[in-house]
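The block underneath contains the structure these notes are about, expressed in structure tokens.
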Amino acid sequence: MQAILLVGGQGTRLRPLTISTPKPMLPVAGYPCTSHQIARAADAGVTRIVLGTSYRAEVFEDYFSQHNEFDMDIHYAVEDEPLGTGGAIRNAAQFLTCGPDDPVIIFNGDILTGLDITGLVERWRESNADVALYLTRVDDPRAYGLVPTDETGRVLAFKEKPTTPEEIVTDQINAGCYVFKRSVIDRIPADRVVSVERETFPELLETDARVIGVVDDGYWLDLGTPLAFSKGSADLVRGIAPSPLLEGSIGDSLVKSGTSVHPSASITAGSYIGNGVSVGENAIIEGSVIYDNATIAAGAQVIRSIVGDSASIGTHARITETVVAEGASLGAHNELNPGARVFPNAVINDSAIRFSSDR
Ligand code: GDD
Ligand code: MG
């Protein structure tokens, strides 16, 4: 079985973490999201995968030339300018070797899922479909592609990111994994920007192609925002989100080697602590991602936050739902509230930012 992984987006909502690292290569629970996805694809019988890359393309090849534990045949399709999701699929297809009627599995590069991949391919085959879409249900579908289906599972419409209340006709959304008949990919226009969501799917529906939706209510998360990212990492650490790479290391937290953690520190709710991190006395780390060589000083509190490589959080500083990028330093007694972002190597002096507790 062959697959395409779409990993060329800019990851704008995760800036400043994505200035130096493309979103799918940011480690979640110690491995790039792309590694978790390749591992799951390998378990489902995929033997050849093409990474559709654009933004910071070289990072993928550099990493996987050293870390291919999956025995996967990995190829890199590089877009000089981003071609959009549909253009990326078309461009990646040059590295597929399967026949026109064979299935090709396509994954968005930023989703964590417990999807039964083999089951989706089977449904595609049984229904003699051109395309099968993995769907999930969410409370607020506005940030996604809406996909209403009839009682047989046939897709009735595809509305990407609805803007008016009338457009919200279902809670079923595109969960970012498809099975395409290879010949359908070959019909996507080459060498121009194409959105699979805004152009390819609506066109397929207009021309009465057989497009089916398969709702799977298992684990699903798009890692596109900082809060989702720290949640996804914590869910992997606790085994709520499945990954073959973490079998045997599931627990309430994951602390890598070479760390110095004071025995009085509390590290909970799926926190991940990278190599060489130092955590001081009575520090509290909850549901957070702390990358390599960062320092969390005594009494600091880090709640549902991401702390980049070699960044430091000062004594009794408190951050909640915040991103502190690599090399940044937050002085003692600062308090950062949800949505705050500290840029790479920024230095914030002691007590420079403080909100009163009733604000
Ligand atoms: N190679 C390449 N080139 N990849 C791209 C490009 C491009 O020009 N643009 C986006 N991608 C990749 C991103 O890296 C990501 O892995 C995937 O395509 C989807 O892009 P996002 O930017 O994450 O899109 P989204 O989250 O707003 O929406 C998409 O995913 C939702 C589910 O998570 C859509 O497919 C929605 O319909 C869907 O509901
Ligand atoms: Mg996304």
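Naming works like this for the structure tokens: A, B, ... for the chains as they're shown, residue 1 at the start of each chain, ligands 1 onward in shown order.
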Would you name the residues within 9 Å of ligand 2, counting only C-alpha atoms and all ligand atoms, and put them as a PyMOL selection string? chain A and resi 9+11+108-111+144+176+222-225
Report the residues of range 156-322 of chain A whose backbone DSSP state falls under strand (DSSP E or B), written as a ChimeraX atom specification. /A:159-160,172-181,211-215,220-222,253-255,260-261,266-268,271-273,278-279,284-286,289-290,295-296,301-303,306-307,312-313,318-320
Do a neighbour search on Ile319 in chain A at 8 Å with only C-alpha atoms, toss out local chain neighbours closer than 4 positions, and write the hits as a PyMOL selection string. chain A and resi 301-303+305+335-338
Which residues come within 7 Å of range 75-92 of chain A, counting only C-alpha atoms, excluding same-chain residues fewer than 6 positions away, as a list in words?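 Those residues are Ile4, Gly8, Ile49, Val50, Leu51, Gly52, Thr53, Ser54, Ala57, Ile185, Asp186, Ile188, Ala190, Arg192, Val193, Val194, Ser195, Val196 and Thr200 of chain A.
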Length of the CA of Thr268 in chain A to CA of Gly218 in chain A vector [Å]: 24.2 Å
Choose the residue, out of A:Glu206, A:Ile105, A:Leu236, A:Leu17, that has the smallest atom-to-atom separation from Gly248 in chain A; count only C-alpha atoms.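 The shortest atom-to-atom distance to Gly248 in chain A comes from A:Leu236.
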Can you tell me which residues surround Arg142 in chain A at a distance of at most 12 Å, considering only C-alpha atoms, apart from same-chain residues fewer than 4 positions away, and format the answer as a list in words?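 Residues meeting the cut-off are Arg137, Val138, Leu146, Val147, Lys159, Glu160, Lys161, Pro162, Thr163, Thr164, Pro165, Glu166, Glu167, Ile168, Val169, Thr170, Asp171, Gln172, Ile173 and Asn174 of chain A.
Restricting the calculation to only C-alpha atoms, the smallest distance between Ile117 in chain A and any of A:Gly251, A:Gly270, A:Gly45, A:Pro27 is found for A:Gly45.
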Can you tell me which residues surround Ala132 in chain A at a distance of at most 6 Å, considering only C-alpha atoms, apart from same-chain residues fewer than 2 positions away, and format the answer as a VMD selection string? chain A and resid 124 178 to 179 211 to 213
What's around Phe343 in chain A at 12 Å? Count only C-alpha atoms, leave out sequence neighbours fewer than 6 positions away in its own chain, and write the answer as number ranges by chain. A: 14-20, 307-308, 311, 322-330
Expected file contents, prior selection, N, CA and C atoms, as a PDB file, in the first residue's frame:
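Printed below is result02.pdb as written:
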ATOM      1  N   LEU A  14       0.908  28.249  14.816  1.00  0.00           N
ATOM      2  CA  LEU A  14       1.847  27.793  15.856  1.00  0.00           C
ATOM      3  C   LEU A  14       3.118  28.643  15.903  1.00  0.00           C
ATOM      4  N   ARG A  15       3.134  29.776  15.178  1.00  0.00           N
ATOM      5  CA  ARG A  15       4.283  30.659  15.323  1.00  0.00           C
ATOM      6  C   ARG A  15       4.340  31.152  16.770  1.00  0.00           C
ATOM      7  N   PRO A  16       5.512  31.365  17.343  1.00  0.00           N
ATOM      8  CA  PRO A  16       6.835  31.338  16.720  1.00  0.00           C
ATOM      9  C   PRO A  16       7.525  29.969  16.701  1.00  0.00           C
ATOM     10  N   LEU A  17       6.828  28.894  17.138  1.00  0.00           N
ATOM     11  CA  LEU A  17       7.520  27.592  17.134  1.00  0.00           C
ATOM     12  C   LEU A  17       7.872  27.152  15.723  1.00  0.00           C
ATOM     13  N   THR A  18       7.043  27.570  14.747  1.00  0.00           N
ATOM     14  CA  THR A  18       7.217  27.097  13.376  1.00  0.00           C
ATOM     15  C   THR A  18       8.111  28.014  12.530  1.00  0.00           C
ATOM     16  N   ILE A  19       8.799  28.951  13.170  1.00  0.00           N
ATOM     17  CA  ILE A  19       9.738  29.788  12.402  1.00  0.00           C
ATOM     18  C   ILE A  19      10.899  28.910  11.927  1.00  0.00           C
ATOM     19  N   SER A  20      11.407  28.064  12.822  1.00  0.00           N
ATOM     20  CA  SER A  20      12.562  27.242  12.437  1.00  0.00           C
ATOM     21  C   SER A  20      12.186  25.800  12.114  1.00  0.00           C
ATOM     22  N   VAL A 307       7.294  25.069  26.058  1.00  0.00           N
ATOM     23  CA  VAL A 307       8.533  25.793  26.340  1.00  0.00           C
ATOM     24  C   VAL A 307       9.604  25.239  25.405  1.00  0.00           C
ATOM     25  N   GLY A 308      10.153  26.113  24.558  1.00  0.00           N
ATOM     26  CA  GLY A 308      11.069  25.678  23.502  1.00  0.00           C
ATOM     27  C   GLY A 308      12.457  25.292  24.004  1.00  0.00           C
ATOM     28  N   ALA A 311      14.978  27.319  26.411  1.00  0.00           N
ATOM     29  CA  ALA A 311      14.279  28.485  26.980  1.00  0.00           C
ATOM     30  C   ALA A 311      14.317  28.366  28.501  1.00  0.00           C
ATOM     31  N   THR A 322       0.522  29.202  27.091  1.00  0.00           N
ATOM     32  CA  THR A 322       1.463  30.149  26.510  1.00  0.00           C
ATOM     33  C   THR A 322       2.513  29.391  25.705  1.00  0.00           C
ATOM     34  N   VAL A 323       3.074  30.038  24.685  1.00  0.00           N
ATOM     35  CA  VAL A 323       4.196  29.456  23.944  1.00  0.00           C
ATOM     36  C   VAL A 323       5.431  30.305  24.213  1.00  0.00           C
ATOM     37  N   VAL A 324       6.482  29.674  24.713  1.00  0.00           N
ATOM     38  CA  VAL A 324       7.758  30.363  24.903  1.00  0.00           C
ATOM     39  C   VAL A 324       8.738  29.686  23.929  1.00  0.00           C
ATOM     40  N   ALA A 325       9.179  30.431  22.915  1.00  0.00           N
ATOM     41  CA  ALA A 325       9.982  29.810  21.862  1.00  0.00           C
ATOM     42  C   ALA A 325      11.414  29.565  22.321  1.00  0.00           C
ATOM     43  N   GLU A 326      12.169  28.903  21.448  1.00  0.00           N
ATOM     44  CA  GLU A 326      13.528  28.467  21.794  1.00  0.00           C
ATOM     45  C   GLU A 326      14.394  29.626  22.256  1.00  0.00           C
ATOM     46  N   GLY A 327      15.198  29.376  23.262  1.00  0.00           N
ATOM     47  CA  GLY A 327      16.190  30.345  23.716  1.00  0.00           C
ATOM     48  C   GLY A 327      15.623  31.559  24.438  1.00  0.00           C
ATOM     49  N   ALA A 328      14.297  31.657  24.556  1.00  0.00           N
ATOM     50  CA  ALA A 328      13.728  32.834  25.233  1.00  0.00           C
ATOM     51  C   ALA A 328      13.885  32.679  26.739  1.00  0.00           C
ATOM     52  N   SER A 329      13.841  33.817  27.414  1.00  0.00           N
ATOM     53  CA  SER A 329      14.026  33.755  28.853  1.00  0.00           C
ATOM     54  C   SER A 329      12.996  34.652  29.527  1.00  0.00           C
ATOM     55  N   LEU A 330      12.244  34.040  30.425  1.00  0.00           N
ATOM     56  CA  LEU A 330      11.188  34.763  31.136  1.00  0.00           C
ATOM     57  C   LEU A 330      11.669  34.897  32.580  1.00  0.00           C
TER      58      LEU A 330
END
Nearest to Gly30 in chain A by atom-to-atom distance, counting only C-alpha atoms, from A:Ile296, A:Ala317, A:Leu246, A:Ile285: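 For Gly30 in chain A, the nearest of the given residues is A:Leu246.
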